[in-house]
>>> print(open('final_2.cif').read())   # mmCIF, C-alpha atoms and all ligand atoms
data_structure
#
loop_
_atom_site.label_atom_id
_atom_site.label_comp_id
_atom_site.auth_asym_id
_atom_site.auth_seq_id
_atom_site.Cartn_x
_atom_site.Cartn_y
_atom_site.Cartn_z
CA MET A 271 -21.11 98.12 141.43
CA ARG A 272 -22.90 97.04 138.30
CA GLN A 273 -25.89 94.84 138.97
CA LEU A 274 -25.33 91.50 137.27
CA ASN A 275 -28.36 89.75 135.89
CA PRO A 276 -28.27 85.97 136.12
CA SER A 277 -27.54 85.94 132.37
CA PRO A 278 -25.89 82.83 130.98
CA TYR A 279 -23.55 85.01 128.93
CA ILE A 280 -19.87 85.01 129.96
CA GLY A 281 -17.40 86.57 127.55
CA ARG A 282 -13.70 87.26 127.83
CA PHE A 283 -10.73 89.16 126.49
CA ALA A 284 -7.48 87.20 126.57
CA PRO A 285 -4.40 89.18 125.53
CA SER A 286 -0.83 87.84 125.64
CA PRO A 287 1.52 90.24 127.42
CA THR A 288 3.96 90.49 124.52
CA GLY A 289 3.55 94.27 124.21
CA PRO A 290 1.15 97.15 124.82
CA LEU A 291 -2.40 97.22 123.41
CA HIS A 292 -2.77 98.77 119.94
CA PHE A 293 -5.78 99.76 117.85
CA GLY A 294 -6.28 96.19 116.59
CA SER A 295 -6.43 94.77 120.11
CA LEU A 296 -8.77 97.58 121.16
CA VAL A 297 -11.21 96.55 118.42
CA SER A 298 -11.24 92.93 119.71
CA ALA A 299 -11.47 93.96 123.37
CA LEU A 300 -14.25 96.44 122.65
CA ALA A 301 -16.28 94.00 120.55
CA SER A 302 -16.18 91.29 123.24
CA TYR A 303 -16.87 93.83 126.01
CA LEU A 304 -19.85 95.35 124.21
CA ASP A 305 -21.35 92.03 123.18
CA ALA A 306 -21.14 90.79 126.81
CA HIS A 307 -22.58 94.00 128.26
CA HIS A 308 -25.29 94.25 125.64
CA HIS A 309 -26.46 90.81 126.82
CA ASN A 310 -26.13 91.78 130.51
CA GLY A 311 -23.36 89.23 130.76
CA LYS A 312 -20.02 89.10 132.49
CA TRP A 313 -16.79 90.13 130.80
CA LEU A 314 -13.61 88.51 132.09
CA VAL A 315 -9.96 89.29 131.39
CA ARG A 316 -7.40 86.51 131.16
CA MET A 317 -3.69 87.10 130.71
CA GLU A 318 -2.25 84.53 128.31
CA ASP A 319 1.27 84.56 129.77
CA LEU A 320 2.06 81.00 128.83
CA ASP A 321 5.27 81.57 126.92
CA PRO A 322 7.76 83.53 129.08
CA PRO A 323 10.43 84.01 126.36
CA ARG A 324 7.92 85.91 124.17
CA GLU A 325 6.69 88.18 126.95
CA GLN A 326 7.70 91.72 127.71
CA ALA A 327 8.34 92.76 131.31
CA GLY A 328 5.57 95.00 132.60
CA ALA A 329 3.30 94.38 129.59
CA ALA A 330 0.57 92.59 131.59
CA ASP A 331 0.20 95.55 133.97
CA ALA A 332 0.37 98.05 131.11
CA ILE A 333 -2.50 96.21 129.34
CA LEU A 334 -4.67 96.30 132.48
CA ARG A 335 -3.97 100.02 133.08
CA CYS A 336 -4.85 100.71 129.47
CA LEU A 337 -8.17 98.82 129.70
CA GLU A 338 -8.98 100.87 132.83
CA ALA A 339 -8.12 104.14 131.11
CA TYR A 340 -10.47 103.15 128.26
CA GLY A 341 -13.27 102.38 130.72
CA LEU A 342 -13.19 98.65 129.84
CA GLU A 343 -13.70 97.33 133.35
CA TRP A 344 -13.71 93.60 133.83
CA ASP A 345 -15.68 91.37 136.19
CA ASP A 346 -14.04 89.01 138.71
CA SER A 347 -10.25 88.76 139.15
CA VAL A 348 -7.85 88.64 136.24
CA VAL A 349 -6.71 85.07 135.56
CA TYR A 350 -3.03 84.46 134.74
CA GLN A 351 -2.25 81.34 132.74
CA SER A 352 1.25 81.18 134.26
CA GLN A 353 -0.43 80.33 137.60
CA ARG A 354 -2.55 77.51 136.24
CA TRP A 355 -0.08 74.81 135.22
CA ASP A 356 -1.58 72.29 137.68
CA LEU A 357 -4.93 72.73 136.00
CA TYR A 358 -3.50 72.15 132.50
CA GLU A 359 -1.70 69.04 133.78
CA LYS A 360 -4.96 67.76 135.28
CA TYR A 361 -6.74 68.01 131.92
CA LEU A 362 -3.77 66.53 130.11
CA SER A 363 -3.80 63.48 132.35
CA ARG A 364 -7.53 63.10 131.73
CA LEU A 365 -6.83 62.94 128.00
CA ARG A 366 -3.95 60.55 128.60
CA LYS A 367 -6.19 58.20 130.60
CA GLN A 368 -8.65 58.23 127.69
CA ASP A 369 -5.79 57.13 125.42
CA LEU A 370 -6.04 60.33 123.39
CA LEU A 371 -2.40 61.41 123.69
CA TYR A 372 0.91 60.08 122.47
CA PRO A 373 4.52 61.20 122.81
CA CYS A 374 6.29 62.69 119.79
CA ASP A 375 9.96 63.53 119.44
CA CYS A 376 9.85 64.89 115.88
CA THR A 377 11.88 67.96 115.09
CA ARG A 378 10.85 71.11 113.28
CA GLN A 379 12.71 69.72 110.27
CA ASP A 380 10.66 66.49 110.38
CA LEU A 381 7.51 68.60 110.30
CA GLN A 382 8.80 70.52 107.29
CA THR A 383 9.41 67.24 105.47
CA MET A 384 5.73 66.40 106.12
CA GLY A 385 4.69 69.63 104.40
CA GLY A 386 3.81 71.51 107.59
CA ILE A 387 0.89 69.32 108.74
CA TYR A 388 1.88 66.58 111.13
CA ASN A 389 1.25 63.15 109.59
CA GLY A 390 0.94 61.12 112.77
CA ARG A 391 4.40 59.60 112.40
CA CYS A 392 4.90 58.90 116.14
CA ARG A 393 1.48 57.39 116.76
CA HIS A 394 2.89 53.90 116.32
CA ARG A 395 6.57 54.52 117.08
CA GLN A 396 8.41 53.63 120.26
CA ILE A 397 9.60 56.93 121.78
CA ASN A 398 12.27 57.17 124.41
CA THR A 399 10.22 59.19 126.91
CA THR A 400 13.23 59.86 129.14
CA GLN A 401 14.29 62.34 126.44
CA ALA A 402 12.55 65.62 125.61
CA HIS A 403 9.31 64.99 123.75
CA ALA A 404 5.99 66.65 123.03
CA GLN A 405 2.49 65.33 123.76
CA ARG A 406 0.20 65.15 120.77
CA LEU A 407 -3.56 64.73 120.60
CA LYS A 408 -4.90 61.95 118.39
CA LEU A 409 -7.05 63.32 115.66
CA TYR A 410 -7.94 59.99 114.18
CA ASP A 411 -7.21 56.40 115.27
CA LEU A 412 -9.36 57.56 118.17
CA PRO A 413 -10.53 55.06 120.80
CA THR A 414 -14.12 53.81 120.37
CA GLY A 415 -16.71 56.42 121.22
CA PHE A 416 -14.58 59.35 120.06
CA ASN A 417 -15.24 59.22 116.37
CA LEU A 418 -15.92 62.89 115.68
CA GLY A 419 -15.17 62.95 111.98
CA GLU A 420 -12.61 65.02 110.15
CA GLU A 421 -14.77 67.81 108.90
CA LEU A 422 -16.03 70.23 111.49
CA ARG A 423 -18.80 72.74 110.83
CA PHE A 424 -19.75 75.68 112.96
CA THR A 425 -21.58 78.98 112.59
CA ASP A 426 -19.50 82.03 113.36
CA LEU A 427 -21.60 84.96 114.62
CA ILE A 428 -19.71 87.34 112.33
CA GLN A 429 -18.07 85.29 109.56
CA GLY A 430 -21.02 82.93 108.98
CA GLU A 431 -20.89 79.21 108.15
CA GLN A 432 -17.48 77.60 108.48
CA ILE A 433 -16.22 74.20 107.41
CA GLN A 434 -12.75 73.20 108.53
CA ASN A 435 -11.03 69.92 107.81
CA LEU A 436 -8.98 68.88 110.81
CA ARG A 437 -6.95 66.29 108.92
CA THR A 438 -5.78 68.58 106.14
CA GLN A 439 -5.71 71.86 108.07
CA ALA A 440 -4.55 70.83 111.53
CA GLY A 441 -3.21 67.29 111.98
CA ASP A 442 -2.48 65.86 115.44
CA GLN A 443 -1.97 68.89 117.68
CA ILE A 444 0.75 69.39 120.26
CA LEU A 445 -0.82 69.95 123.68
CA LYS A 446 2.41 70.00 125.67
CA ARG A 447 5.56 71.22 124.02
CA LYS A 448 8.97 69.58 123.96
CA ASP A 449 10.29 72.37 126.18
CA GLY A 450 7.74 71.47 128.86
CA LEU A 451 5.43 74.43 128.24
CA TYR A 452 1.70 73.86 127.75
CA ALA A 453 0.43 74.64 124.27
CA TYR A 454 -1.87 77.58 123.70
CA GLN A 455 -4.56 75.27 122.21
CA LEU A 456 -4.80 73.30 125.45
CA ALA A 457 -4.59 76.22 127.89
CA VAL A 458 -7.15 78.35 126.09
CA VAL A 459 -9.75 75.56 125.96
CA VAL A 460 -9.14 74.50 129.59
CA ASP A 461 -9.52 78.10 130.76
CA ASP A 462 -12.66 78.66 128.71
CA ILE A 463 -14.15 75.50 130.26
CA GLU A 464 -13.07 76.39 133.81
CA GLN A 465 -14.32 79.98 133.52
CA GLY A 466 -17.64 78.88 132.01
CA ILE A 467 -17.14 81.04 128.90
CA THR A 468 -20.23 80.96 126.70
CA HIS A 469 -19.22 83.47 123.98
CA ILE A 470 -15.83 84.07 122.40
CA ILE A 471 -15.61 87.29 120.39
CA ARG A 472 -12.04 87.73 119.14
CA GLY A 473 -9.86 88.67 116.16
CA SER A 474 -10.26 86.79 112.88
CA ASP A 475 -6.60 85.69 113.02
CA LEU A 476 -7.88 82.94 115.35
CA LEU A 477 -10.65 81.76 113.03
CA GLU A 478 -8.45 79.04 111.52
CA VAL A 479 -7.70 77.40 114.90
CA THR A 480 -11.33 77.38 116.01
CA ALA A 481 -12.20 73.89 114.72
CA ARG A 482 -9.31 72.30 116.59
CA GLN A 483 -10.44 74.07 119.76
CA ILE A 484 -14.03 72.91 119.25
CA PHE A 485 -12.71 69.36 118.79
CA LEU A 486 -10.93 69.63 122.14
CA PHE A 487 -14.06 70.96 123.90
CA GLN A 488 -15.91 67.94 122.52
CA LEU A 489 -13.25 65.44 123.59
CA LEU A 490 -13.32 66.93 127.08
CA GLY A 491 -17.10 66.60 127.17
CA ALA A 492 -17.57 70.35 127.68
CA PRO A 493 -20.18 72.64 126.10
CA VAL A 494 -18.80 74.43 123.04
CA PRO A 495 -18.98 78.25 123.29
CA THR A 496 -20.41 80.42 120.53
CA PHE A 497 -17.69 82.05 118.42
CA GLY A 498 -17.57 85.37 116.61
CA HIS A 499 -14.45 86.55 114.77
CA VAL A 500 -14.05 90.26 114.26
CA THR A 501 -12.36 91.31 111.04
CA LEU A 502 -8.84 92.44 111.84
CA ALA A 503 -7.75 96.03 111.55
CA SER A 504 -4.99 96.38 108.98
CA GLN A 505 -2.88 99.28 107.87
CA PRO A 506 -3.55 100.98 104.53
CA ASN A 507 -0.67 98.94 103.02
CA GLY A 508 -2.58 95.76 103.90
CA GLN A 509 -0.26 94.80 106.72
CA LYS A 510 -2.04 93.52 109.84
CA LEU A 511 -1.95 95.78 112.87
CA SER A 512 -0.02 93.71 115.40
CA LYS A 513 2.61 93.87 118.07
CA GLN A 514 5.02 92.13 115.68
CA ASN A 515 4.49 94.90 113.14
CA LEU A 516 5.06 97.46 115.88
CA ALA A 517 1.58 98.95 115.72
CA PRO A 518 1.61 102.09 117.89
CA ALA A 519 0.61 101.60 121.53
CA LEU A 520 -2.73 103.12 122.53
CA ARG A 521 -2.25 106.40 124.37
CA PHE A 522 -4.36 106.85 127.48
CA GLU A 523 -5.15 110.48 126.61
CA ASP A 524 -6.66 109.41 123.27
CA ALA A 525 -9.11 106.99 124.91
CA ALA A 526 -12.31 108.77 123.79
CA THR A 527 -11.09 109.33 120.21
CA ASN A 528 -9.77 105.78 119.84
CA LEU A 529 -12.97 104.27 121.22
CA TRP A 530 -15.00 106.34 118.77
CA HIS A 531 -12.81 105.20 115.85
CA ALA A 532 -13.01 101.59 117.02
CA LEU A 533 -16.82 101.88 117.02
CA ILE A 534 -16.67 103.21 113.46
CA PHE A 535 -14.43 100.29 112.52
CA LEU A 536 -16.99 97.91 114.06
CA GLY A 537 -19.77 99.44 111.95
CA GLN A 538 -21.62 100.89 114.95
CA LYS A 539 -22.06 104.40 113.49
CA PRO A 540 -21.45 106.48 116.65
CA PRO A 541 -22.72 110.07 116.34
CA GLN A 542 -20.05 112.73 115.87
CA GLU A 543 -20.94 114.51 119.14
CA LEU A 544 -20.04 111.35 121.10
CA LEU A 545 -16.41 112.37 120.54
CA GLU A 546 -16.87 115.08 123.19
CA TYR A 547 -17.84 112.55 125.85
CA SER A 548 -15.80 110.51 128.35
CA PRO A 549 -14.82 106.88 127.66
CA SER A 550 -17.44 105.56 130.09
CA GLU A 551 -20.18 107.66 128.46
CA ILE A 552 -19.11 106.48 125.01
CA LEU A 553 -19.26 102.87 126.22
CA MET A 554 -22.69 103.46 127.71
CA TRP A 555 -23.98 104.63 124.31
CA ALA A 556 -22.23 101.74 122.55
CA LYS A 557 -23.67 99.06 124.87
CA ASP A 558 -27.19 100.23 124.15
CA HIS A 559 -26.68 100.49 120.40
CA TRP A 560 -24.51 97.40 119.91
CA THR A 561 -25.42 95.44 116.77
CA LEU A 562 -23.16 92.53 115.98
CA LYS A 563 -24.51 92.17 112.45
CA ASN A 564 -23.19 95.62 111.55
CA ILE A 565 -19.67 94.16 111.65
CA LYS A 566 -20.36 92.02 108.58
CA GLY A 567 -19.03 93.17 105.24
CA LEU A 568 -16.74 95.63 106.91
CA SER A 569 -13.67 96.99 105.20
CA ALA A 570 -10.62 95.95 107.16
CA VAL A 571 -8.56 99.00 106.42
CA TYR A 572 -7.84 101.17 109.37
CA THR A 573 -7.05 104.79 108.62
CA PRO A 574 -4.44 106.00 111.06
CA LEU A 575 -5.52 108.76 113.39
CA ILE A 576 -4.17 112.24 112.86
ZN ZN A 601 6.44 62.71 115.97
#
>>> encode(input="final_2.cif", output="structure tokens", more="lines below")
Ligand SMILES: [Zn+2]
Amino acid sequence: MRQLNPSPYIGRFAPSPTGPLHFGSLVSALASYLDAHHHNGKWLVRMEDLDPPREQAGAADAILRCLEAYGLEWDDSVVYQSQRWDLYEKYLSRLRKQDLLYPCDCTRQDLQTMGGIYNGRCRHRQINTTQAHAQRLKLYDLPTGFNLGEELRFTDLIQGEQIQNLRTQAGDQILKRKDGLYAYQLAVVVDDIEQGITHIIRGSDLLEVTARQIFLFQLLGAPVPTFGHVTLASQPNGQKLSKQNLAPALRFEDAATNLWHALIFLGQKPPQELLEYSPSEILMWAKDHWTLKNIKGLSAVYTPLI
């Protein structure tokens, strides 16, 4: 067993089980793992299985087996969002009691008419709540004491200073969907609060939703974690490596080679001879040599392995 120092650092990797891990997800997992271990912190794994229609049977187990094969061992038990609905409801009712939520029965078409950013149409409408409706979070018209402004600034460990305008970029967010499922934005923040996450190192595709998550941390009176968004791996044609684009699944037998290439991608300059070592030995080297600032200015093109 690894000796845990009483370090305040708790990081996490939170994949959705919509398919097997690919090189792009390895880069994110590895960066969060190494940053946590470099700081003698904990590294947790959370399965974001919130949306059953999008999931693939067996994918959650396949992801965990793959992390094991790559030597990316996690601390504590894996958390499954599908088992935490009571918790999400608890937080939702807290927001409701603070008068921060309102029902909305707008359709996808209504949203299109608004130009894609919700304009707060239902804030002052009477909604028939016996019919299917979503729950939205008030972004403005907030009760007294919640005036957090529209512009949110934060420093990303990798991408630097960020300014996001919640009114023009986000609008009032859905926290519970019309179909009764909890929204990703709610679940992810609730879980980060409950698990005491202090550092979130993840793919830069989530950079644009960070301000709305920070806003939610603030409304819930919780400490805001430190964020770092790793540049995404893309294919030479510029297309993002993703499950949707059918990026090839990571093969267990290529663990050492893929880890080495992921370290190159993350700017860590692993020595060539490291390729001969086992995944756990490669990770040992990488933990000691981990430098987050090397990720900056990185080319996002991923050259496929031979
Ligand atoms: Zn509405």
>>> residues_near_ligand(input="final_2.cif", ligand="ligand ZN 601 (chain A)", cutoff="8 Å", atoms="only C-alpha atoms and all ligand atoms", output="mmCIF file with C-alpha atoms, in the coordinates of the input")
data_model
loop_
_atom_site.group_PDB
_atom_site.id
_atom_site.type_symbol
_atom_site.label_atom_id
_atom_site.label_comp_id
_atom_site.auth_asym_id
_atom_site.auth_seq_id
_atom_site.Cartn_x
_atom_site.Cartn_y
_atom_site.Cartn_z
ATOM 1 C CA PRO A 373 4.520 61.200 122.810
ATOM 2 C CA CYS A 374 6.290 62.690 119.790
ATOM 3 C CA ASP A 375 9.960 63.530 119.440
ATOM 4 C CA CYS A 376 9.850 64.890 115.880
ATOM 5 C CA THR A 377 11.880 67.960 115.090
ATOM 6 C CA ASP A 380 10.660 66.490 110.380
ATOM 7 C CA TYR A 388 1.880 66.580 111.130
ATOM 8 C CA GLY A 390 0.940 61.120 112.770
ATOM 9 C CA ARG A 391 4.400 59.600 112.400
ATOM 10 C CA CYS A 392 4.900 58.900 116.140
ATOM 11 C CA ARG A 393 1.480 57.390 116.760
#
>>> atom_distance(input="final_2.cif", atom1="CA of Leu409 (chain A)", atom2="CA of Pro322 (chain A)")
28.4 Å
>>> atom_distance(input="final_2.cif", atom1="CA of Leu456 (chain A)", atom2="CA of Phe487 (chain A)")
9.7 Å
>>> atom_distance(input="final_2.cif", atom1="CA of Ser286 (chain A)", atom2="CA of Ala330 (chain A)")
7.7 Å
>>> closest_residue(input="final_2.cif", among="A:Pro323, A:Gly341, A:Gly441, A:Gly328", to="Ser548 (chain A)", atoms="all atoms listed in the file")
A:Gly341
>>> residues_around(input="final_2.cif", residues="Lys448 (chain A)", least_positions_apart="5", cutoff="7 Å", atoms="all atoms listed in the file", output="short mmCIF file (atom, residue, chain, number, x, y, z; two decimals) with C-alpha atoms, in the frame of the given file")
data_model
loop_
_atom_site.label_atom_id
_atom_site.label_comp_id
_atom_site.auth_asym_id
_atom_site.auth_seq_id
_atom_site.Cartn_x
_atom_site.Cartn_y
_atom_site.Cartn_z
CA ALA A 402 12.55 65.62 125.61
CA HIS A 403 9.31 64.99 123.75
CA ALA A 404 5.99 66.65 123.03
#
>>> closest_residue(input="final_2.cif", among="A:Leu536, A:Ile433, A:Val297, A:Leu371", to="Asp411 (chain A)", atoms="only C-alpha atoms")
A:Leu371
>>> residues_around(input="final_2.cif", residues="Glu478 (chain A)", least_positions_apart="4", cutoff="9 Å", atoms="all atoms listed in the file", output="list in words")
Gln434, Gln439, Ser474 and Arg482 of chain A
>>> residues_near_point(input="final_2.cif", point="(-8.5, 90.4, 125.8)", cutoff="7 Å", atoms="only C-alpha atoms", output="ChimeraX atom specification")
/A:282-285,299,315-316
>>> write_last_selection(input="final_2.cif", atoms="C-alpha atoms", output="mmCIF file, in the coordinates of the input")
data_model
loop_
_atom_site.group_PDB
_atom_site.id
_atom_site.type_symbol
_atom_site.label_atom_id
_atom_site.label_comp_id
_atom_site.auth_asym_id
_atom_site.auth_seq_id
_atom_site.Cartn_x
_atom_site.Cartn_y
_atom_site.Cartn_z
ATOM 1 C CA ARG A 282 -13.700 87.260 127.830
ATOM 2 C CA PHE A 283 -10.730 89.160 126.490
ATOM 3 C CA ALA A 284 -7.480 87.200 126.570
ATOM 4 C CA PRO A 285 -4.400 89.180 125.530
ATOM 5 C CA ALA A 299 -11.470 93.960 123.370
ATOM 6 C CA VAL A 315 -9.960 89.290 131.390
ATOM 7 C CA ARG A 316 -7.400 86.510 131.160
#
>>> closest_residue(input="final_2.cif", among="A:Leu529, A:Ala332, A:Ala457, A:Gly491", to="Leu357 (chain A)", atoms="only C-alpha atoms")
A:Ala457
>>> closest_residue(input="final_2.cif", among="A:Arg335, A:Arg437, A:Arg366, A:Arg423", to="Gln405 (chain A)", atoms="only C-alpha atoms")
A:Arg366
>>> axis_aligned_box(input="final_2.cif", around="region 346-362 of chain A", padding_each_side="4 Å", output="lines of an AutoDock Vina configuration file")
center_x = -6.4
center_y = 77.8
center_z = 134.6
size_x = 23.3
size_y = 30.5
size_z = 17.0
>>> closest_residue(input="final_2.cif", among="A:Ser302, A:Gln396, A:Thr288, A:Gln443", to="Asp331 (chain A)", atoms="only C-alpha atoms")
A:Thr288
